[in-house]
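The structure appears right after this line, and notes come after that.
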Amino acid sequence: MDATKRPLRIPPSFAIYAEKHDIFELYSRLIKELIVHKPNDPLSFIHSWLKLDNNDLPSIIVHGPPASGKTAISRLICKRLRTVYLTRETILADDATDTGEDAKELIESGKEVPPEVWADLVKNRIECDDCVKRGWLLDGMPHSRPEAQALQRIGILAKHVVLLEAPDSVLVERQEGKRVDPETGDVYHTTFDWPADPSVEQRLVEDRHSEGIVSRLIEYHRNVDGLLESYSSVYQTVNADQPKGDVLDVALSFLCHSARSVAPRAPRIILLGPPGCGKKTQAALLARKYTLVNINCGLLIKQHIVNETSLGLAAKPYVERGILVPDNLVVKMLDQRMSQLDCVTRGWVLHGFPKTREQAETLQADNHHPNRVFVMDAPDDAVRERLVLRYTDPVSGLQYHLLYNPPPNGEIKSRLQQKPSDSEDQVRLKIMSYRSQIGETEDNYPGLFHINADQDVHTVFELIESHLVNQPPKDYGVEPNID
């Protein structure tokens with residue numbers, strides 16, 4: 001940033017680089033890790049953390065009522081994501097500390113293990129190398145809100161919680177046919193999921209939890225609401241009363257979906273479309289609602305001419321003779337405007353440029369990459385109707401349309417004038433020029449959206465707005481030049 005000039009100009013490559021490499025999210029995760037672990041040597045901790053192959057690892061909880069298929073789905077998820085599968089039994093078996101021995105004694109004597117003890121055991125396990133490198137999945141843990149709070153107090157935070165749901169009657173029926181392979185721990189069912197391997201079939205045994213299913217369901221329903229309060233922003237319910245493959249697909253879709261980013265991503269929008277499709281109107285609506293900078297290419301050129309800037313003086317002879325201003329001058333004007341502080345911080349919506357492939361490439365060469373591109377489609381007949389019947393009152397300056405917004409009286413109608421550019425011949429030429437260029441222009445923006453602009457203004461706006469609420473695509477065009 002050049003602090004010696006006003007207005008301040010910020011290289012657009014800064015924001016593009018930060019978005020492409022998720023710099024904001026990286027800092028957010030790093031600060032969270034520092035607060036959770038409270039290392040004595042923060043610099044060494046940061047260095048070690050950044051050296052990890054993947055510092056955004058899975059941290060998943062799969063929960064649900066008994067016989068909902070938690071174990072089967074959890075194992076499939078771990079196999080697909082290559083993460084570490086953890087249960088109460090595996091955590092106790094792997095723990096050789098005094099805390100683990102105390103927990104085993106409590107279980108053998110029929111007593112409950114305190115939530116804080118379970119939290120310490122889970123912490124010891126997920127700090128092992130395999131969990132640090134691959135992430136972890138907790139199957140059926142925590143059982144209750146106190147256990148969830150105990151985990152959260154020591155910094156064990158799940159990014160995703162999958163809650164399996166099914167009617168109690170279905171769960172009771174499932175439990176009766178449930179069989180377990182004692183060697184692998186895999187779960188099968190006499191009706192729904194019988195093993196194809198005869199050797200596996202021979203060693204199957206009944207689930208040791210098959211008795212007391214009703215009391216276990218009552219306990220689950222008593223605890224689940226409080227448990228979900230602890231994970232209200234990260235949990236997703238999945239219908240478990242469907243084929244296992246469908247349950248897995250829904251769960252994986254949720255697990256592979258990143259949470260909405262809170263990074264300050266400024267919208268950078270380009271509106272393309274034939275003349276008269278409503279680009280100017282939609283740009284004004286977007287700018288008003290989202291406080292974007294409305295960049296009208298034609299108006300920008302006129303402002304430079306009026307202000308007698310060096311670029312304006314260079315463009316003035318072309319405008320006076322009715323010749324298109326050279327692309328290099330227009331791009332320099334756009335570069336100056338789009339690099340100013342308000343455009344970088346608030347975002348912008350550009351219309352009237354680019355119109356050709358060369359213009360789009362020149363804009364990208366200056367590191368002005370949009371994260372939304374909309375093509376406002378309208379049939380030629382509709383465009384001609386909008387433009388050819390458009391007239392202006394020279395006295396009031398108001399614009400009328402003979403079909404959609406006719407003048408209120410005959411006096412005004414008699415003095416209406418049509419711009420030369422709105423004549424039938426000129427409109428036909430502009431439409432032909434647009435149709436011949438738009439295909440190559442679109443090739444520069446592979447993630448663009450087509451919008452039907454031949455409908456009500458507010459309907460068109462709602463369609464455009466529907467594509468603004470989701471996180472923008474990260475890549476439009478070439479890699480930004482940050483040299």
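Starting from 1 in every chain, residues are counted up; chains themselves are A, B, ... following the order of the structure tokens, and ligands are numbered from 1 as listed.
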
Using only C-alpha atoms, which protein or nucleic acid residues come within 9 Å of A:Ile438? Drop anything in the same chain fewer than 4 positions from it, and give the result as a tab-separated table (two decimals) with C-alpha atoms, in the first residue's frame.
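Writing the result to around_23.tsv gives the following:
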```
chain	number	residue	atom	x	y	z
A	272	LEU	CA	-22.52	-9.55	-18.33
A	273	GLY	CA	-25.44	-9.51	-20.73
A	274	PRO	CA	-26.88	-7.95	-23.88
A	355	LYS	CA	-17.25	-7.13	-23.51
A	356	THR	CA	-14.58	-9.19	-25.28
A	357	ARG	CA	-12.16	-11.98	-24.48
A	433	SER	CA	-21.81	-7.48	-31.55
A	434	TYR	CA	-22.72	-8.91	-28.14
A	442	GLU	CA	-17.56	-16.50	-20.93
A	443	ASP	CA	-14.61	-18.86	-21.47
```

Spatial neighbours of stretch 372-380 of chain A, 9 Å, only C-alpha atoms, chain gap at least 2 places, as a PyMOL selection string: chain A and resi 267-274+276-279+370+382-385+428+431+442+445+447-455+460+464+467-468+472-473+476

Nearest to A:Asp22, chosen from A:Ala196, A:Lys413, A:Pro317, A:Arg265, with only C-alpha atoms counted in the distances: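 Between A:Ala196, A:Lys413, A:Pro317, A:Arg265, the residue approaching A:Asp22 most closely is A:Arg265.
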
I'd like the interatomic distance between atom CA of A:Asn223 and atom CA of A:His143, to a tenth of an Å.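 Rounded to one decimal, the two atoms are 7.3 Å apart.
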
Spatial neighbours of A:Glu116, max dist 10 Å, only C-alpha atoms, sep filter under 3 positions, as a PyMOL selection string: chain A and resi 113+119-122+146-151+153-154

Counting only C-alpha atoms, the option among A:Leu164, A:Leu157, A:Val306, A:Leu402 closest to A:Gln242: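 Looking only at the distances to A:Gln242, the closest residue turns out to be A:Leu164.
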
Which polymer residues have any atom within 12 Å of an atom of A:Tyr318, counting only C-alpha atoms, with same-chain residues fewer than 3 positions away left out, as JSON, numbers by chain? {"A": [301, 302, 305, 311, 312, 313, 314, 315, 321, 322, 323, 324, 325, 326, 327, 329, 330]}

Atom CA of A:Ser310 to atom CA of A:Asn328, distance in Å rounded to a single decimal: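 Computed distance, atom CA of A:Ser310 to atom CA of A:Asn328, equals 13.3 Å.
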
Identify, with DSSP run on backbone atoms, the residues in stretch 137-337 of chain A assigned to strand (DSSP E or B), and express the list as a ChimeraX atom specification. /A:137-139,160-165,178-180,187-189,193,205-206,235-239,268-272,293-296

Minimum-distance residue to A:Ser232, chosen among A:Arg216, A:Glu183, A:Val162, A:Lys244 (using only C-alpha atoms):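 Looking only at the distances to A:Ser232, the closest residue turns out to be A:Val162.
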
For the atom pair atom CA of A:Arg337 and atom CA of A:His351, what is the interatomic distance in Å to one decimal place?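 One can read the atom CA of A:Arg337 to atom CA of A:His351 distance as 13.6 Å.
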
Which neighbours of A:Asp186 fall inside 9 Å, counting only C-alpha atoms, when residues of the same chain fewer than 6 positions from it are skipped, and could you give them as JSON, numbers by chain? {"A": [71, 72, 75, 179, 180]}

Please produce a file of those selected residues containing N, CA, C and O atoms, as a tab-separated table (two decimals), in the first residue's frame.
```tsv
chain	number	residue	atom	x	y	z
A	71	THR	N	-21.89	-47.88	15.32
A	71	THR	CA	-20.61	-48.56	15.12
A	71	THR	C	-20.33	-48.81	13.65
A	71	THR	O	-19.23	-48.53	13.15
A	72	ALA	N	-21.32	-49.32	12.93
A	72	ALA	CA	-21.11	-49.62	11.51
A	72	ALA	C	-20.81	-48.35	10.72
A	72	ALA	O	-19.87	-48.31	9.91
A	75	ARG	N	-17.30	-46.88	11.65
A	75	ARG	CA	-16.18	-47.61	11.04
A	75	ARG	C	-16.05	-47.29	9.55
A	75	ARG	O	-14.94	-47.14	9.02
A	179	ARG	N	-25.93	-58.98	15.38
A	179	ARG	CA	-24.85	-59.94	15.63
A	179	ARG	C	-23.51	-59.22	15.49
A	179	ARG	O	-23.36	-58.30	14.68
A	180	VAL	N	-22.52	-59.68	16.28
A	180	VAL	CA	-21.21	-59.03	16.31
A	180	VAL	C	-20.12	-60.05	16.01
A	180	VAL	O	-20.18	-61.20	16.49
```

So which residues touch A:Gly226 within 8 Å, counting only C-alpha atoms, skipping near sequence neighbours fewer than 4 positions away, as a VMD selection string? chain A and resid 144 to 145 230

Nearest candidate to A:Ala103 (options A:Ile91, A:Gly212, A:Ser68, A:Val117; using only C-alpha atoms):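 Among the listed residues, A:Val117 lies closest to A:Ala103.
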
Hey, what's within 7 Å of A:Asp139 if we count only C-alpha atoms and toss same-chain stuff fewer than 3 positions away? As a list in words, please?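 In the requested form, the answer reads Ile61, Val62, His63, Lys70, Thr71, Ser74, Leu86 and Thr87 of chain A.
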
Would you save the residues from that selection as a PDB file, in the first residue's frame, using N, CA and C atoms?
```
ATOM      1  N   ILE A  61     -17.785 -36.637  16.131  1.00  0.00           N
ATOM      2  CA  ILE A  61     -18.550 -37.446  17.088  1.00  0.00           C
ATOM      3  C   ILE A  61     -19.740 -38.041  16.341  1.00  0.00           C
ATOM      4  N   VAL A  62     -19.906 -39.344  16.450  1.00  0.00           N
ATOM      5  CA  VAL A  62     -21.086 -40.016  15.895  1.00  0.00           C
ATOM      6  C   VAL A  62     -21.904 -40.527  17.073  1.00  0.00           C
ATOM      7  N   HIS A  63     -23.134 -40.093  17.149  1.00  0.00           N
ATOM      8  CA  HIS A  63     -23.980 -40.443  18.293  1.00  0.00           C
ATOM      9  C   HIS A  63     -25.342 -40.883  17.794  1.00  0.00           C
ATOM     10  N   LYS A  70     -24.520 -46.870  14.937  1.00  0.00           N
ATOM     11  CA  LYS A  70     -23.384 -45.981  15.189  1.00  0.00           C
ATOM     12  C   LYS A  70     -22.063 -46.653  14.840  1.00  0.00           C
ATOM     13  N   THR A  71     -21.891 -47.883  15.317  1.00  0.00           N
ATOM     14  CA  THR A  71     -20.608 -48.562  15.117  1.00  0.00           C
ATOM     15  C   THR A  71     -20.330 -48.809  13.645  1.00  0.00           C
ATOM     16  N   SER A  74     -19.715 -45.466  11.906  1.00  0.00           N
ATOM     17  CA  SER A  74     -18.458 -44.875  12.369  1.00  0.00           C
ATOM     18  C   SER A  74     -17.259 -45.563  11.729  1.00  0.00           C
ATOM     19  N   LEU A  86     -12.389 -44.346  17.685  1.00  0.00           N
ATOM     20  CA  LEU A  86     -12.258 -44.406  19.136  1.00  0.00           C
ATOM     21  C   LEU A  86     -13.603 -44.706  19.783  1.00  0.00           C
ATOM     22  N   THR A  87     -13.582 -45.622  20.760  1.00  0.00           N
ATOM     23  CA  THR A  87     -14.735 -45.904  21.609  1.00  0.00           C
ATOM     24  C   THR A  87     -14.264 -45.923  23.054  1.00  0.00           C
TER      25      THR A  87
END
```

Step one, run DSSP on the backbone; step two, keep only residues of stretch 94-278 of chain A assigned to alpha helix (DSSP H); then write them as a ChimeraX atom specification. /A:94,98-108,115-126,129-134,145-153,168-176,198-203,213-230,244-255
